[in-house]
$ cat protein31.cif   # mmCIF, C-alpha atoms
data_structure
#
loop_
_atom_site.group_PDB
_atom_site.id
_atom_site.type_symbol
_atom_site.label_atom_id
_atom_site.label_comp_id
_atom_site.auth_asym_id
_atom_site.auth_seq_id
_atom_site.Cartn_x
_atom_site.Cartn_y
_atom_site.Cartn_z
ATOM 1 C CA MET A 1 65.724 139.228 -18.996
ATOM 2 C CA ALA A 2 66.271 138.145 -15.420
ATOM 3 C CA LYS A 3 63.027 136.208 -15.498
ATOM 4 C CA GLU A 4 64.060 134.452 -18.667
ATOM 5 C CA LYS A 5 67.359 133.551 -17.086
ATOM 6 C CA ALA A 6 65.653 132.175 -14.008
ATOM 7 C CA LYS A 7 63.283 130.225 -16.222
ATOM 8 C CA SER A 8 66.059 128.714 -18.306
ATOM 9 C CA LYS A 9 67.908 127.837 -15.140
ATOM 10 C CA GLN A 10 64.848 126.058 -13.841
ATOM 11 C CA GLU A 11 64.470 124.247 -17.126
ATOM 12 C CA ALA A 12 68.111 123.300 -16.990
ATOM 13 C CA SER A 13 67.824 121.840 -13.521
ATOM 14 C CA GLU A 14 64.676 119.946 -14.513
ATOM 15 C CA LYS A 15 66.555 118.616 -17.506
ATOM 16 C CA THR A 16 69.387 117.554 -15.208
ATOM 17 C CA GLU A 17 66.991 115.622 -13.060
ATOM 18 C CA LYS A 18 65.458 113.936 -16.076
ATOM 19 C CA THR A 19 68.725 112.943 -17.715
ATOM 20 C CA ALA A 20 70.618 112.005 -14.597
ATOM 21 C CA GLY A 21 67.847 110.364 -12.624
ATOM 22 C CA LYS A 22 68.165 110.342 -8.905
ATOM 23 C CA VAL A 23 71.163 111.456 -6.901
ATOM 24 C CA ASP A 24 72.507 108.890 -4.437
ATOM 25 C CA LEU A 25 74.857 111.127 -2.489
ATOM 26 C CA GLU A 26 75.250 114.862 -1.996
ATOM 27 C CA LEU A 27 78.707 116.266 -1.293
ATOM 28 C CA ASP A 28 79.262 119.811 -0.110
ATOM 29 C CA LEU A 29 82.799 120.669 -1.197
ATOM 30 C CA ARG A 30 82.383 124.435 -0.990
ATOM 31 C CA GLY A 31 85.460 126.233 0.281
ATOM 32 C CA LEU A 32 87.786 123.283 -0.297
ATOM 33 C CA MET A 33 90.841 123.891 -2.452
ATOM 34 C CA CYS A 34 93.045 121.710 -4.658
ATOM 35 C CA PRO A 35 93.358 118.744 -4.410
ATOM 36 C CA LEU A 36 90.582 118.262 -1.861
ATOM 37 C CA PRO A 37 87.462 118.432 -4.072
ATOM 38 C CA MET A 38 88.827 115.610 -6.226
ATOM 39 C CA VAL A 39 90.053 113.685 -3.192
ATOM 40 C CA ARG A 40 86.664 113.884 -1.491
ATOM 41 C CA VAL A 41 84.854 112.655 -4.612
ATOM 42 C CA SER A 42 87.353 109.824 -4.807
ATOM 43 C CA GLN A 43 86.858 108.941 -1.127
ATOM 44 C CA ASN A 44 83.079 108.856 -1.543
ATOM 45 C CA ILE A 45 82.617 107.193 -4.916
ATOM 46 C CA ASN A 46 82.466 103.730 -3.370
ATOM 47 C CA LYS A 47 79.631 104.819 -1.100
ATOM 48 C CA VAL A 48 77.238 104.832 -4.057
ATOM 49 C CA PRO A 49 76.408 101.677 -6.021
ATOM 50 C CA VAL A 50 77.749 101.124 -9.537
ATOM 51 C CA GLY A 51 75.597 103.321 -11.760
ATOM 52 C CA GLY A 52 74.880 105.604 -8.819
ATOM 53 C CA VAL A 53 75.337 109.354 -8.955
ATOM 54 C CA ILE A 54 77.092 111.825 -6.657
ATOM 55 C CA ARG A 55 76.047 115.453 -6.762
ATOM 56 C CA ALA A 56 79.075 117.461 -5.658
ATOM 57 C CA VAL A 57 79.048 121.219 -5.130
ATOM 58 C CA ALA A 58 82.467 122.871 -5.182
ATOM 59 C CA THR A 59 83.718 126.443 -5.349
ATOM 60 C CA ASP A 60 87.352 125.855 -6.363
ATOM 61 C CA PRO A 61 87.632 126.847 -10.061
ATOM 62 C CA GLY A 62 90.487 124.329 -10.389
ATOM 63 C CA SER A 63 88.013 121.528 -9.778
ATOM 64 C CA LEU A 64 86.415 122.340 -13.169
ATOM 65 C CA ALA A 65 89.397 120.631 -14.766
ATOM 66 C CA ASP A 66 90.346 118.300 -11.911
ATOM 67 C CA ILE A 67 87.133 116.364 -11.401
ATOM 68 C CA PRO A 68 86.637 115.502 -15.107
ATOM 69 C CA SER A 69 90.320 114.449 -15.233
ATOM 70 C CA TRP A 70 89.814 112.343 -12.130
ATOM 71 C CA ALA A 71 86.798 110.712 -13.806
ATOM 72 C CA ARG A 72 88.732 109.939 -16.993
ATOM 73 C CA THR A 73 91.668 108.439 -15.098
ATOM 74 C CA THR A 74 89.519 106.315 -12.814
ATOM 75 C CA GLY A 75 87.038 105.253 -15.493
ATOM 76 C CA ASN A 76 84.055 107.077 -14.022
ATOM 77 C CA GLU A 77 81.861 109.655 -15.698
ATOM 78 C CA VAL A 78 80.952 113.288 -15.152
ATOM 79 C CA LEU A 79 77.380 113.503 -16.416
ATOM 80 C CA LYS A 80 77.065 117.212 -16.043
ATOM 81 C CA THR A 81 78.912 120.312 -14.908
ATOM 82 C CA GLU A 82 76.864 123.367 -14.014
ATOM 83 C CA ARG A 83 77.740 126.760 -12.651
ATOM 84 C CA ASP A 84 75.424 128.528 -10.295
ATOM 85 C CA GLY A 85 77.012 131.779 -9.189
ATOM 86 C CA LYS A 86 80.143 130.738 -7.332
ATOM 87 C CA ASP A 87 78.985 127.141 -7.051
ATOM 88 C CA ILE A 88 80.183 124.524 -9.496
ATOM 89 C CA ILE A 89 77.888 121.536 -9.530
ATOM 90 C CA PHE A 90 79.068 118.155 -10.748
ATOM 91 C CA LEU A 91 77.005 115.065 -11.358
ATOM 92 C CA VAL A 92 79.424 112.184 -11.129
ATOM 93 C CA LYS A 93 78.389 108.661 -12.047
ATOM 94 C CA ARG A 94 80.147 105.614 -10.651
ATOM 95 C CA VAL A 95 80.816 103.425 -13.685
ATOM 96 C CA LYS A 96 82.698 100.533 -12.086
ATOM 97 C CA MET B 1 83.121 94.366 -16.893
ATOM 98 C CA MET B 2 86.873 94.403 -16.668
ATOM 99 C CA ALA B 3 88.562 92.360 -14.002
ATOM 100 C CA GLU B 4 90.232 94.238 -11.160
ATOM 101 C CA GLU B 5 93.159 95.884 -12.938
ATOM 102 C CA LYS B 6 96.556 96.291 -11.429
ATOM 103 C CA LYS B 7 96.963 99.642 -9.723
ATOM 104 C CA LYS B 8 99.150 102.201 -11.453
ATOM 105 C CA LYS B 9 102.123 103.402 -9.460
ATOM 106 C CA ALA B 10 103.819 106.699 -8.733
ATOM 107 C CA ALA B 11 107.228 107.080 -7.115
ATOM 108 C CA MET B 12 108.576 110.340 -5.754
ATOM 109 C CA VAL B 13 111.896 111.419 -4.280
ATOM 110 C CA VAL B 14 111.471 114.341 -1.905
ATOM 111 C CA LEU B 15 114.868 115.917 -1.316
ATOM 112 C CA SER B 16 113.631 119.369 -0.355
ATOM 113 C CA GLY B 17 112.430 120.393 3.080
ATOM 114 C CA ASP B 18 111.103 123.725 1.786
ATOM 115 C CA MET B 19 107.501 124.507 2.537
ATOM 116 C CA ASP B 20 106.560 125.244 -1.086
ATOM 117 C CA LYS B 21 108.178 122.097 -2.433
ATOM 118 C CA LEU B 22 106.656 119.926 0.277
ATOM 119 C CA PHE B 23 103.267 121.372 -0.654
ATOM 120 C CA ALA B 24 103.857 120.408 -4.280
ATOM 121 C CA ALA B 25 104.975 116.927 -3.274
ATOM 122 C CA PHE B 26 101.976 116.229 -1.026
ATOM 123 C CA ILE B 27 99.413 117.747 -3.402
ATOM 124 C CA ILE B 28 100.673 115.569 -6.248
ATOM 125 C CA ALA B 29 100.876 112.505 -4.006
ATOM 126 C CA ASN B 30 97.309 113.043 -2.777
ATOM 127 C CA GLY B 31 96.113 113.660 -6.313
ATOM 128 C CA ALA B 32 97.718 110.449 -7.516
ATOM 129 C CA ALA B 33 96.241 108.524 -4.586
ATOM 130 C CA ALA B 34 92.829 109.985 -5.431
ATOM 131 C CA VAL B 35 92.981 108.545 -8.938
ATOM 132 C CA ASN B 36 93.659 105.171 -7.363
ATOM 133 C CA MET B 37 97.416 105.042 -7.808
ATOM 134 C CA GLU B 38 99.781 103.368 -5.402
ATOM 135 C CA VAL B 39 102.076 106.164 -4.252
ATOM 136 C CA THR B 40 105.562 105.824 -2.791
ATOM 137 C CA MET B 41 107.312 108.869 -1.376
ATOM 138 C CA PHE B 42 110.992 108.558 -0.560
ATOM 139 C CA PHE B 43 112.175 111.363 1.730
ATOM 140 C CA THR B 44 115.851 112.087 1.751
ATOM 141 C CA PHE B 45 118.169 114.677 3.313
ATOM 142 C CA TRP B 46 116.297 117.977 3.842
ATOM 143 C CA GLY B 47 113.081 116.222 2.930
ATOM 144 C CA LEU B 48 113.288 114.205 6.155
ATOM 145 C CA ARG B 49 111.796 117.222 7.881
ATOM 146 C CA ALA B 50 108.439 116.146 6.494
ATOM 147 C CA LEU B 51 108.590 112.966 8.592
ATOM 148 C CA LYS B 52 110.236 114.292 11.736
ATOM 149 C CA LYS B 53 108.636 114.863 15.083
ATOM 150 C CA ASN B 54 109.244 118.175 16.785
ATOM 151 C CA VAL B 55 112.175 116.858 18.822
ATOM 152 C CA ALA B 56 115.854 117.700 19.229
ATOM 153 C CA THR B 57 118.008 115.348 17.154
ATOM 154 C CA GLY B 58 121.694 114.486 16.942
ATOM 155 C CA LYS B 59 124.307 112.845 19.120
ATOM 156 C CA SER B 60 127.677 114.216 18.039
ATOM 157 C CA LEU B 61 128.564 117.919 18.103
ATOM 158 C CA PHE B 62 127.846 118.366 14.393
ATOM 159 C CA GLY B 63 124.749 116.200 14.600
ATOM 160 C CA ARG B 64 123.345 118.306 17.410
ATOM 161 C CA MET B 65 124.263 121.446 15.490
ATOM 162 C CA VAL B 66 122.286 120.229 12.475
ATOM 163 C CA GLY B 67 119.419 119.365 14.815
ATOM 164 C CA LEU B 68 119.560 122.823 16.314
ATOM 165 C CA MET B 69 119.821 124.773 13.071
ATOM 166 C CA TYR B 70 117.496 122.580 11.092
ATOM 167 C CA GLY B 71 115.249 121.505 13.928
ATOM 168 C CA GLY B 72 111.521 121.151 14.116
ATOM 169 C CA ASP B 73 108.887 119.195 12.284
ATOM 170 C CA ILE B 74 106.939 119.755 9.077
ATOM 171 C CA THR B 75 105.238 122.848 10.509
ATOM 172 C CA LYS B 76 108.649 124.575 10.702
ATOM 173 C CA ALA B 77 109.321 124.281 6.966
ATOM 174 C CA ASN B 78 110.199 127.655 5.439
ATOM 175 C CA PRO B 79 109.397 128.682 1.868
ATOM 176 C CA SER B 80 112.336 128.497 -0.575
ATOM 177 C CA LYS B 81 111.906 132.198 -1.287
ATOM 178 C CA PHE B 82 110.844 134.939 1.173
ATOM 179 C CA GLY B 83 112.177 132.945 4.105
ATOM 180 C CA PHE B 84 113.029 135.974 6.269
ATOM 181 C CA PHE B 85 113.758 133.756 9.280
ATOM 182 C CA GLY B 86 110.234 132.427 9.663
ATOM 183 C CA LEU B 87 108.383 135.575 8.659
ATOM 184 C CA GLY B 88 107.725 134.217 5.169
ATOM 185 C CA ARG B 89 106.346 130.997 6.584
ATOM 186 C CA TRP B 90 103.987 132.952 8.820
ATOM 187 C CA MET B 91 102.887 135.137 5.912
ATOM 188 C CA PHE B 92 102.272 132.266 3.508
ATOM 189 C CA ASN B 93 100.445 130.274 6.178
ATOM 190 C CA LYS B 94 98.176 133.262 6.752
ATOM 191 C CA MET B 95 97.611 133.772 3.025
ATOM 192 C CA MET B 96 96.857 130.116 2.441
ATOM 193 C CA LYS B 97 94.540 129.906 5.400
ATOM 194 C CA SER B 98 92.548 132.861 4.085
ATOM 195 C CA LYS B 99 92.223 131.000 0.765
ATOM 196 C CA ASN B 100 91.163 127.839 2.580
ATOM 197 C CA VAL B 101 94.191 125.820 1.480
ATOM 198 C CA VAL B 102 94.863 123.153 4.108
ATOM 199 C CA SER B 103 98.162 123.193 6.005
ATOM 200 C CA LEU B 104 101.160 120.968 5.286
ATOM 201 C CA LEU B 105 100.369 118.979 8.414
ATOM 202 C CA GLU B 106 96.835 118.304 7.164
ATOM 203 C CA MET B 107 98.180 117.466 3.692
ATOM 204 C CA ARG B 108 100.468 114.863 5.247
ATOM 205 C CA GLN B 109 97.625 113.438 7.308
ATOM 206 C CA LEU B 110 95.479 113.216 4.185
ATOM 207 C CA ALA B 111 98.285 111.338 2.435
ATOM 208 C CA ILE B 112 98.444 108.914 5.361
ATOM 209 C CA ASP B 113 94.654 108.453 5.235
ATOM 210 C CA LEU B 114 94.792 107.786 1.491
ATOM 211 C CA GLY B 115 97.408 105.077 2.008
ATOM 212 C CA VAL B 116 100.397 106.901 0.528
ATOM 213 C CA LYS B 117 103.548 105.059 1.599
ATOM 214 C CA MET B 118 106.262 107.234 3.093
ATOM 215 C CA TYR B 119 109.823 106.042 3.403
ATOM 216 C CA GLY B 120 112.807 107.667 5.088
ATOM 217 C CA CYS B 121 116.250 107.460 3.519
ATOM 218 C CA GLN B 122 118.315 105.423 5.958
ATOM 219 C CA MET B 123 121.615 106.922 4.849
ATOM 220 C CA SER B 124 120.556 110.556 5.314
ATOM 221 C CA MET B 125 119.089 109.613 8.672
ATOM 222 C CA ASP B 126 122.474 108.191 9.687
ATOM 223 C CA VAL B 127 124.362 111.220 8.397
ATOM 224 C CA MET B 128 122.023 113.736 10.036
ATOM 225 C CA GLU B 129 121.724 111.570 13.154
ATOM 226 C CA ILE B 130 117.966 111.310 12.983
ATOM 227 C CA SER B 131 116.708 108.059 14.486
ATOM 228 C CA ARG B 132 113.537 106.151 13.656
ATOM 229 C CA GLU B 133 112.179 107.308 17.042
ATOM 230 C CA ASP B 134 112.609 110.926 15.944
ATOM 231 C CA MET B 135 110.135 110.311 13.124
ATOM 232 C CA ILE B 136 106.362 109.910 13.101
ATOM 233 C CA ASP B 137 104.960 106.399 13.562
ATOM 234 C CA GLU B 138 103.270 106.422 10.151
ATOM 235 C CA VAL B 139 106.620 106.174 8.327
ATOM 236 C CA THR B 140 106.351 102.895 6.438
ATOM 237 C CA ASP B 141 110.029 101.999 6.639
ATOM 238 C CA CYS B 142 113.560 103.367 6.408
ATOM 239 C CA VAL B 143 115.215 102.173 3.215
ATOM 240 C CA GLY B 144 117.964 102.821 0.693
ATOM 241 C CA ALA B 145 118.362 103.722 -2.960
ATOM 242 C CA GLY B 146 117.949 100.136 -4.149
ATOM 243 C CA PHE B 147 114.455 100.000 -2.771
ATOM 244 C CA PHE B 148 113.554 103.258 -4.465
ATOM 245 C CA ILE B 149 114.990 102.117 -7.809
ATOM 246 C CA GLU B 150 112.788 99.050 -7.636
ATOM 247 C CA GLN B 151 109.729 101.199 -6.942
ATOM 248 C CA ALA B 152 110.704 103.683 -9.673
ATOM 249 C CA GLN B 153 111.181 100.891 -12.191
ATOM 250 C CA GLN B 154 107.655 99.662 -11.611
ATOM 251 C CA ALA B 155 106.188 103.167 -11.516
ATOM 252 C CA ASP B 156 104.127 104.815 -14.234
ATOM 253 C CA PHE B 157 105.626 108.146 -13.315
ATOM 254 C CA THR B 158 108.480 109.274 -11.105
ATOM 255 C CA MET B 159 109.267 112.669 -9.686
ATOM 256 C CA PHE B 160 112.158 114.373 -7.997
ATOM 257 C CA ILE B 161 111.222 117.291 -5.777
#
$ encode --input "protein31.cif" --output "structure tokens"
Amino acid sequence: MAKEKAKSKQEASEKTEKTAGKVDLELDLRGLMCPLPMVRVSQNINKVPVGGVIRAVATDPGSLADIPSWARTTGNEVLKTERDGKDIIFLVKRVK
Amino acid sequence: MMAEEKKKKAAMVVLSGDMDKLFAAFIIANGAAAVNMEVTMFFTFWGLRALKKNVATGKSLFGRMVGLMYGGDITKANPSKFGFFGLGRWMFNKMMKSKNVVSLLEMRQLAIDLGVKMYGCQMSMDVMEISREDMIDEVTDCVGAGFFIEQAQQADFTMFI
């Protein structure tokens, strides 16, 4: 069971890499609380080129709703949201 | 690709100097700034605490009394419930710190960094005898209701806290 889980997780992360391509910037947002995860993504989005991807790791459960909302309001895109234990991993693409 | 669109605007009146309400005001302001909005905060009456330095204010007897009883800067804001003469503030600060929520002071600094514009209400400053020198340098300007109405009219949302 546990093995299967680990395997599917590995597959999932491989899939992520395939669909999302390379990551341009890693952000460690663990421990930050509302509204900081969203603010930090916003402050860093211009550091990647248009079409570039930020991989942000947060632990604030509120960010599950906040970061997709931020993306919709600013016209960017969340490619993927993953949970890994307490970590919430976002792949955010700069659209414009 | 779309041309550079006009920024959306948010306008907020902050009347309260309570810790909880200031938290709400700054969290919303920072959130709005994060989604690329132009944010105007208009601090009036008790809300002026958010912009004050930790200095004694007032000239007249009553003015000095207000300064004495309502003295201090943003770090001296008490919650609207469970005040208990500063005990509530201490307790909430401890609870928030343990949950990794940043302090009001840091929230205000973040707002400054994100370009949120903060205005003091000139009339309340006159009434409470708080001068421009008693307030932090980052205050954009001290203005009146007319200025706020203009901002509110152009805003996509307004708030009164």
$ closest_residue --input "protein31.cif" --among "B:Asp20, B:Asp141, B:Asp73, B:Asp113" --to "chain A" --atoms "all atoms listed in the file"
B:Asp113
$ interface_residues --input "protein31.cif" --of "chain A" --to "chain B" --cutoff "7 Å" --atoms "all atoms listed in the file" --output "count of residues only"
10
$ residues_around --input "protein31.cif" --residues "Ile45 (chain A)" --least-positions-apart "3" --cutoff "8 Å" --atoms "all atoms listed in the file" --output "PyMOL selection string"
chain A and resi 41-42+48+54+94
$ residues_around --input "protein31.cif" --residues "Pro61 (chain A)" --least-positions-apart "3" --cutoff "9 Å" --atoms "all atoms listed in the file" --output "list in words"
Met33, Ala58, Leu64, Ala65, Lys86 and Ile88 of chain A
$ closest_residue --input "protein31.cif" --among "A:Asp28, A:Ala56, A:Cys34, A:Asn46" --to "Glu82 (chain A)" --atoms "all atoms listed in the file"
A:Ala56
$ axis_aligned_box --input "protein31.cif" --around "region 34-38 of chain B" --padding-each-side "5 Å" --output "lines of an AutoDock Vina configuration file"
center_x = 96.3
center_y = 106.7
center_z = -7.2
size_x = 17.0
size_y = 16.6
size_z = 13.5
$ atom_distance --input "protein31.cif" --atom1 "CA of Leu29 (chain A)" --atom2 "CA of Leu79 (chain A)"
17.7 Å
$ resolve_selection --input "protein31.cif" --expression "the PyMOL selection byres ((chain B and resi 53-58) around 9)" --output "list in words"
Arg49, Ala50, Leu51, Lys52, Lys59, Ser60, Leu61, Phe62, Gly63, Arg64, Met65, Val66, Gly67, Leu68, Gly71, Gly72, Asp73, Ile74, Thr75, Lys76, Met128, Glu129, Ile130, Ser131, Glu133, Asp134, Met135 and Ile136 of chain B
$ residues_around --input "protein31.cif" --residues "region 78-83 of chain B" --least-positions-apart "5" --cutoff "8 Å" --atoms "all atoms listed in the file" --output "list in words"
Gly17, Asp18, Met19, Asp20, Lys21, Gly88 and Arg89 of chain B
$ atom_distance --input "protein31.cif" --atom1 "CA of Asp87 (chain A)" --atom2 "CA of Ser63 (chain A)"
11.0 Å
$ residues_near_point --input "protein31.cif" --point "(75.9, 111.5, -2.9)" --cutoff "10 Å" --atoms "all atoms listed in the file" --output "PyMOL selection string"
chain A and resi 22-28+41+44-45+47-48+52-56+91-93
$ atom_distance --input "protein31.cif" --atom1 "CA of Gly146 (chain B)" --atom2 "CA of Ala77 (chain B)"
27.9 Å
$ resolve_selection --input "protein31.cif" --expression "the PyMOL selection byres ((chain B and resi 6-10) around 6)" --output "mmCIF file with C-alpha atoms, in the coordinates of the input"
data_model
loop_
_atom_site.group_PDB
_atom_site.id
_atom_site.type_symbol
_atom_site.label_atom_id
_atom_site.label_comp_id
_atom_site.auth_asym_id
_atom_site.auth_seq_id
_atom_site.Cartn_x
_atom_site.Cartn_y
_atom_site.Cartn_z
ATOM 1 C CA GLU B 5 93.159 95.884 -12.938
ATOM 2 C CA ALA B 11 107.228 107.080 -7.115
ATOM 3 C CA MET B 37 97.416 105.042 -7.808
ATOM 4 C CA GLU B 38 99.781 103.368 -5.402
ATOM 5 C CA VAL B 39 102.076 106.164 -4.252
ATOM 6 C CA ALA B 155 106.188 103.167 -11.516
ATOM 7 C CA ASP B 156 104.127 104.815 -14.234
ATOM 8 C CA PHE B 157 105.626 108.146 -13.315
ATOM 9 C CA THR B 158 108.480 109.274 -11.105
#
$ decode --input "protein31.cif" --residues "region 74-156 of chain B" --atoms "C-alpha atoms" --output "PDB file, in the first residue's frame"
ATOM      1  CA  ILE B  74       0.682  51.067  16.052  1.00  0.00           C
ATOM      2  CA  THR B  75       2.308  48.543  18.397  1.00  0.00           C
ATOM      3  CA  LYS B  76       0.139  49.874  21.256  1.00  0.00           C
ATOM      4  CA  ALA B  77      -3.147  49.067  19.510  1.00  0.00           C
ATOM      5  CA  ASN B  78      -5.429  46.982  21.731  1.00  0.00           C
ATOM      6  CA  PRO B  79      -7.925  44.415  20.455  1.00  0.00           C
ATOM      7  CA  SER B  80     -11.566  45.588  20.376  1.00  0.00           C
ATOM      8  CA  LYS B  81     -12.482  42.724  22.688  1.00  0.00           C
ATOM      9  CA  PHE B  82     -10.371  41.253  25.529  1.00  0.00           C
ATOM     10  CA  GLY B  83      -8.533  44.535  25.980  1.00  0.00           C
ATOM     11  CA  PHE B  84      -7.844  44.075  29.708  1.00  0.00           C
ATOM     12  CA  PHE B  85      -5.546  47.115  29.769  1.00  0.00           C
ATOM     13  CA  GLY B  86      -2.923  45.684  27.445  1.00  0.00           C
ATOM     14  CA  LEU B  87      -3.129  42.079  28.591  1.00  0.00           C
ATOM     15  CA  GLY B  88      -5.252  41.120  25.587  1.00  0.00           C
ATOM     16  CA  ARG B  89      -2.785  42.725  23.218  1.00  0.00           C
ATOM     17  CA  TRP B  90       0.055  40.770  24.800  1.00  0.00           C
ATOM     18  CA  MET B  91      -1.934  37.537  24.605  1.00  0.00           C
ATOM     19  CA  PHE B  92      -2.980  37.968  20.983  1.00  0.00           C
ATOM     20  CA  ASN B  93       0.536  38.991  19.972  1.00  0.00           C
ATOM     21  CA  LYS B  94       1.846  35.813  21.582  1.00  0.00           C
ATOM     22  CA  MET B  95      -0.827  33.667  19.934  1.00  0.00           C
ATOM     23  CA  MET B  96      -0.231  35.194  16.529  1.00  0.00           C
ATOM     24  CA  LYS B  97       3.510  34.889  16.818  1.00  0.00           C
ATOM     25  CA  SER B  98       3.176  31.188  17.607  1.00  0.00           C
ATOM     26  CA  LYS B  99       1.071  30.835  14.439  1.00  0.00           C
ATOM     27  CA  ASN B 100       3.652  32.775  12.443  1.00  0.00           C
ATOM     28  CA  VAL B 101       1.317  35.667  11.644  1.00  0.00           C
ATOM     29  CA  VAL B 102       3.422  38.797  11.152  1.00  0.00           C
ATOM     30  CA  SER B 103       2.936  41.758  13.494  1.00  0.00           C
ATOM     31  CA  LEU B 104       0.952  44.904  12.708  1.00  0.00           C
ATOM     32  CA  LEU B 105       4.210  46.810  12.359  1.00  0.00           C
ATOM     33  CA  GLU B 106       5.448  44.333   9.744  1.00  0.00           C
ATOM     34  CA  MET B 107       2.058  44.425   7.993  1.00  0.00           C
ATOM     35  CA  ARG B 108       2.345  48.203   7.715  1.00  0.00           C
ATOM     36  CA  GLN B 109       5.896  47.946   6.416  1.00  0.00           C
ATOM     37  CA  LEU B 110       4.761  45.409   3.831  1.00  0.00           C
ATOM     38  CA  ALA B 111       2.024  47.810   2.731  1.00  0.00           C
ATOM     39  CA  ILE B 112       4.628  50.556   2.353  1.00  0.00           C
ATOM     40  CA  ASP B 113       6.866  48.207   0.337  1.00  0.00           C
ATOM     41  CA  LEU B 114       3.955  47.264  -1.925  1.00  0.00           C
ATOM     42  CA  GLY B 115       3.249  50.929  -2.647  1.00  0.00           C
ATOM     43  CA  VAL B 116       0.001  51.263  -0.699  1.00  0.00           C
ATOM     44  CA  LYS B 117      -0.733  54.970  -0.262  1.00  0.00           C
ATOM     45  CA  MET B 118      -1.539  56.052   3.274  1.00  0.00           C
ATOM     46  CA  TYR B 119      -3.223  59.340   4.016  1.00  0.00           C
ATOM     47  CA  GLY B 120      -3.949  61.021   7.337  1.00  0.00           C
ATOM     48  CA  CYS B 121      -7.200  62.890   7.877  1.00  0.00           C
ATOM     49  CA  GLN B 122      -6.179  66.507   8.365  1.00  0.00           C
ATOM     50  CA  MET B 123      -9.268  67.399  10.374  1.00  0.00           C
ATOM     51  CA  SER B 124      -8.872  64.603  12.938  1.00  0.00           C
ATOM     52  CA  MET B 125      -5.204  65.488  13.217  1.00  0.00           C
ATOM     53  CA  ASP B 126      -6.192  69.072  14.048  1.00  0.00           C
ATOM     54  CA  VAL B 127      -8.833  67.982  16.545  1.00  0.00           C
ATOM     55  CA  MET B 128      -6.567  65.460  18.277  1.00  0.00           C
ATOM     56  CA  GLU B 129      -3.581  67.808  17.996  1.00  0.00           C
ATOM     57  CA  ILE B 130      -1.431  65.339  16.125  1.00  0.00           C
ATOM     58  CA  SER B 131       1.039  67.080  13.826  1.00  0.00           C
ATOM     59  CA  ARG B 132       2.595  65.778  10.622  1.00  0.00           C
ATOM     60  CA  GLU B 133       5.872  65.446  12.570  1.00  0.00           C
ATOM     61  CA  ASP B 134       4.154  63.070  14.996  1.00  0.00           C
ATOM     62  CA  MET B 135       3.517  60.672  12.116  1.00  0.00           C
ATOM     63  CA  ILE B 136       5.817  58.338  10.202  1.00  0.00           C
ATOM     64  CA  ASP B 137       7.597  59.737   7.140  1.00  0.00           C
ATOM     65  CA  GLU B 138       5.923  57.248   4.796  1.00  0.00           C
ATOM     66  CA  VAL B 139       2.533  58.981   5.141  1.00  0.00           C
ATOM     67  CA  THR B 140       1.754  60.099   1.601  1.00  0.00           C
ATOM     68  CA  ASP B 141      -0.134  63.242   2.566  1.00  0.00           C
ATOM     69  CA  CYS B 142      -2.649  64.712   4.996  1.00  0.00           C
ATOM     70  CA  VAL B 143      -5.946  65.344   3.238  1.00  0.00           C
ATOM     71  CA  GLY B 144      -9.674  65.841   3.679  1.00  0.00           C
ATOM     72  CA  ALA B 145     -12.929  64.138   2.774  1.00  0.00           C
ATOM     73  CA  GLY B 146     -13.022  65.619  -0.725  1.00  0.00           C
ATOM     74  CA  PHE B 147      -9.833  63.855  -1.640  1.00  0.00           C
ATOM     75  CA  PHE B 148     -11.166  60.563  -0.341  1.00  0.00           C
ATOM     76  CA  ILE B 149     -14.459  60.955  -2.225  1.00  0.00           C
ATOM     77  CA  GLU B 150     -12.502  61.422  -5.424  1.00  0.00           C
ATOM     78  CA  GLN B 151     -10.488  58.271  -4.734  1.00  0.00           C
ATOM     79  CA  ALA B 152     -13.625  56.338  -3.736  1.00  0.00           C
ATOM     80  CA  GLN B 153     -15.425  57.420  -6.891  1.00  0.00           C
ATOM     81  CA  GLN B 154     -12.662  56.001  -9.045  1.00  0.00           C
ATOM     82  CA  ALA B 155     -12.293  52.863  -6.931  1.00  0.00           C
ATOM     83  CA  ASP B 156     -13.471  49.382  -7.851  1.00  0.00           C
TER      84      ASP B 156
END
